[in-house]
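K.L.:
After the structure tokens below, expect a handful of questions from me.
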Amino acid sequence: MRLTKAVVRLFERERVCRVATTGLRGMPHLVPVCQVVSNGKIYFASGDDGRKALNLAENPRVALTIDIYSDDWTLIKGVMVQGRARLHPRGPRFRAIRKLLYKKYPQYAREAAISESDSVVVEVTPTRVFTWGLKA
């Protein structure tokens, strides 16, 4: 499934999205992450022992949401992407996405460095996309 230009723009512009995962026991886990989009896929990083990474290692199904609220409900917009996650613990893809994350979030390198020794990059391939309030 391809992300539309409007969805890509929203993921590029917004600073945080929410990621929902579940492990084998089925307990939902929902957390904010800093994301980037590259070649139609959504990426974020995690500690390799973080609950979201552990859940995704057990169950690669994932959902991500960005929403913008307004008291004027005609201005509300958002997107939910469902997809499959792949963990990259090291290597060229890990380093390329880390570079994109550091470019979008300059504070990332000094505040929460992404290291091949203790982090993973999560690649989300969209399978379903739901939007509201977005213009093409």
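Residues are referred to by chain and number: the chain letter is A, B, ... according to the order shown in the structure tokens, the number counts from 1 in that chain, and ligands are numbered separately from 1 in the order shown.
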Residues at most 6 Å from Val62 in chain A, counting only C-alpha atoms, excluding those fewer than 3 positions away in the same chain, as a list in words?

P.N.:
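The contact residues come out as Ala20, Thr21, Gln82, Gly83 and Arg84 of chain A.
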
K.L.:
Write out the residues from the selection above, keeping all heavy atoms, as a CSV table (one decimal), in the first residue's frame.

P.N.:
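Saved result, selection.csv, follows:
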```
chain,number,residue,atom,x,y,z
A,20,ALA,N,1.2,1.7,18.4
A,20,ALA,CA,0.6,0.7,19.2
A,20,ALA,C,1.1,-0.7,18.8
A,20,ALA,O,1.2,-1.0,17.6
A,20,ALA,CB,-1.0,0.8,19.0
A,21,THR,N,1.5,-1.4,19.8
A,21,THR,CA,2.0,-2.8,19.6
A,21,THR,C,1.3,-3.7,20.6
A,21,THR,O,0.8,-3.3,21.6
A,21,THR,CB,3.5,-2.9,19.8
A,21,THR,OG1,3.8,-2.6,21.2
A,21,THR,CG2,4.3,-1.9,18.9
A,82,GLN,N,-1.9,1.1,9.6
A,82,GLN,CA,-1.6,-0.3,10.1
A,82,GLN,C,-0.6,-0.9,9.2
A,82,GLN,O,-0.6,-0.7,8.0
A,82,GLN,CB,-2.9,-1.1,10.1
A,82,GLN,CG,-3.9,-0.6,11.1
A,82,GLN,CD,-5.3,-1.4,10.9
A,82,GLN,OE1,-5.6,-1.8,9.8
A,82,GLN,NE2,-6.0,-1.5,12.0
A,83,GLY,N,0.3,-1.7,9.8
A,83,GLY,CA,1.3,-2.3,9.0
A,83,GLY,C,2.1,-3.4,9.7
A,83,GLY,O,1.7,-3.9,10.7
A,84,ARG,N,3.2,-3.8,9.0
A,84,ARG,CA,4.0,-4.9,9.5
A,84,ARG,C,5.4,-4.2,9.8
A,84,ARG,O,5.9,-3.5,9.0
A,84,ARG,CB,4.2,-6.0,8.5
A,84,ARG,CG,2.8,-6.7,8.4
A,84,ARG,CD,2.8,-8.0,7.8
A,84,ARG,NE,3.5,-9.1,8.5
A,84,ARG,CZ,3.1,-9.8,9.5
A,84,ARG,NH1,1.9,-9.5,10.0
A,84,ARG,NH2,3.8,-10.8,10.0
```

K.L.:
Sorted by chain and rising residue number, which residues of range 1-86 of chain A lie within 9 Å of range 95-101 of chain A, and what are their closest atom pairs and distances in Å to one decimal, counting only C-alpha atoms, as a tab-separated table?

P.N.:
```
residue	atom	partner	partner_atom	distance
A:Cys34	CA	A:Leu101	CA	7.7
A:Gln35	CA	A:Leu101	CA	7.1
A:Val36	CA	A:Leu101	CA	6.4
A:Val37	CA	A:Leu100	CA	8.8
A:Ser38	CA	A:Ile97	CA	8.3
A:Tyr43	CA	A:Ile97	CA	7.2
A:Phe44	CA	A:Leu101	CA	7.7
A:Ala45	CA	A:Arg98	CA	7.9
```

K.L.:
For those residues, write N, CA and C atoms to a file as a tab-separated table (two decimals), in the first residue's frame.

P.N.:
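Final output, saved to again-v2.tsv:
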```tsv
chain	number	residue	atom	x	y	z
A	34	CYS	N	9.36	9.45	17.72
A	34	CYS	CA	9.79	10.40	16.70
A	34	CYS	C	10.00	9.62	15.42
A	35	GLN	N	9.38	10.05	14.34
A	35	GLN	CA	9.32	9.27	13.13
A	35	GLN	C	9.88	10.02	11.92
A	36	VAL	N	10.29	9.22	10.93
A	36	VAL	CA	10.63	9.74	9.61
A	36	VAL	C	9.99	8.82	8.57
A	37	VAL	N	9.84	9.35	7.36
A	37	VAL	CA	9.32	8.56	6.24
A	37	VAL	C	10.40	8.51	5.18
A	38	SER	N	10.61	7.33	4.61
A	38	SER	CA	11.57	7.17	3.53
A	38	SER	C	11.08	6.06	2.60
A	43	TYR	N	9.60	5.00	9.76
A	43	TYR	CA	10.68	4.50	10.61
A	43	TYR	C	10.69	5.25	11.94
A	44	PHE	N	11.10	4.53	12.98
A	44	PHE	CA	11.39	5.12	14.28
A	44	PHE	C	12.42	4.23	14.96
A	45	ALA	N	12.98	4.72	16.04
A	45	ALA	CA	14.00	3.95	16.76
A	45	ALA	C	13.49	3.58	18.14
```

K.L.:
Which residues are close to Lys5 in chain A, i.e. within 12 Å by only C-alpha atoms, leaving aside same-chain residues fewer than 5 positions away? Reply as an NGL selection string.

P.N.:
:A and (10-13 or 37 or 39-40 or 134-136)

K.L.:
Since we have the selection now, will you write its residues out, keeping N, CA and C atoms, as a PDB file, in the first residue's frame?

P.N.:
```pdb
ATOM      1  N   LEU A  10       2.070  14.834   6.359  1.00  0.00           N
ATOM      2  CA  LEU A  10       1.691  14.871   7.765  1.00  0.00           C
ATOM      3  C   LEU A  10       2.758  14.189   8.621  1.00  0.00           C
ATOM      4  N   PHE A  11       3.224  13.020   8.204  1.00  0.00           N
ATOM      5  CA  PHE A  11       4.277  12.330   8.952  1.00  0.00           C
ATOM      6  C   PHE A  11       5.581  13.124   8.939  1.00  0.00           C
ATOM      7  N   GLU A  12       5.884  13.796   7.852  1.00  0.00           N
ATOM      8  CA  GLU A  12       7.106  14.601   7.786  1.00  0.00           C
ATOM      9  C   GLU A  12       7.003  15.852   8.652  1.00  0.00           C
ATOM     10  N   ARG A  13       5.841  16.489   8.652  1.00  0.00           N
ATOM     11  CA  ARG A  13       5.663  17.753   9.361  1.00  0.00           C
ATOM     12  C   ARG A  13       5.527  17.559  10.874  1.00  0.00           C
ATOM     13  N   VAL A  37       9.842   9.347   7.360  1.00  0.00           N
ATOM     14  CA  VAL A  37       9.324   8.563   6.237  1.00  0.00           C
ATOM     15  C   VAL A  37      10.404   8.513   5.179  1.00  0.00           C
ATOM     16  N   ASN A  39      10.992   6.385   1.327  1.00  0.00           N
ATOM     17  CA  ASN A  39      10.578   5.404   0.312  1.00  0.00           C
ATOM     18  C   ASN A  39       9.288   4.674   0.673  1.00  0.00           C
ATOM     19  N   GLY A  40       8.316   5.428   1.156  1.00  0.00           N
ATOM     20  CA  GLY A  40       7.002   4.858   1.429  1.00  0.00           C
ATOM     21  C   GLY A  40       6.875   4.061   2.709  1.00  0.00           C
ATOM     22  N   LEU A 134      -7.911  15.136   5.762  1.00  0.00           N
ATOM     23  CA  LEU A 134      -6.756  15.467   4.923  1.00  0.00           C
ATOM     24  C   LEU A 134      -7.209  15.765   3.509  1.00  0.00           C
ATOM     25  N   LYS A 135      -6.561  16.752   2.921  1.00  0.00           N
ATOM     26  CA  LYS A 135      -6.804  17.071   1.513  1.00  0.00           C
ATOM     27  C   LYS A 135      -5.716  16.385   0.688  1.00  0.00           C
ATOM     28  N   ALA A 136      -6.084  15.876  -0.438  1.00  0.00           N
ATOM     29  CA  ALA A 136      -5.114  15.196  -1.317  1.00  0.00           C
ATOM     30  C   ALA A 136      -4.057  16.178  -1.750  1.00  0.00           C
TER      31      ALA A 136
END
```

K.L.:
Considering only C-alpha atoms, can you say which of A:Ala113, A:Leu75, A:Val121, A:Leu56 comes closest to His88 in chain A?

P.N.:
A:Val121

K.L.:
Which residue gives the smallest distance to Ser46 in chain A among A:Ala85, A:Val31, A:Val120, A:Leu24, with only C-alpha atoms counted?

P.N.:
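Using only C-alpha atoms, Ser46 in chain A sits closest to A:Val120.
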
K.L.:
Could you please determine the separation between CA of Lys103 in chain A and CA of Tyr69 in chain A in Å, to one decimal place?

P.N.:
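Answer for the CA of Lys103 in chain A to CA of Tyr69 in chain A separation: 26.7 Å.
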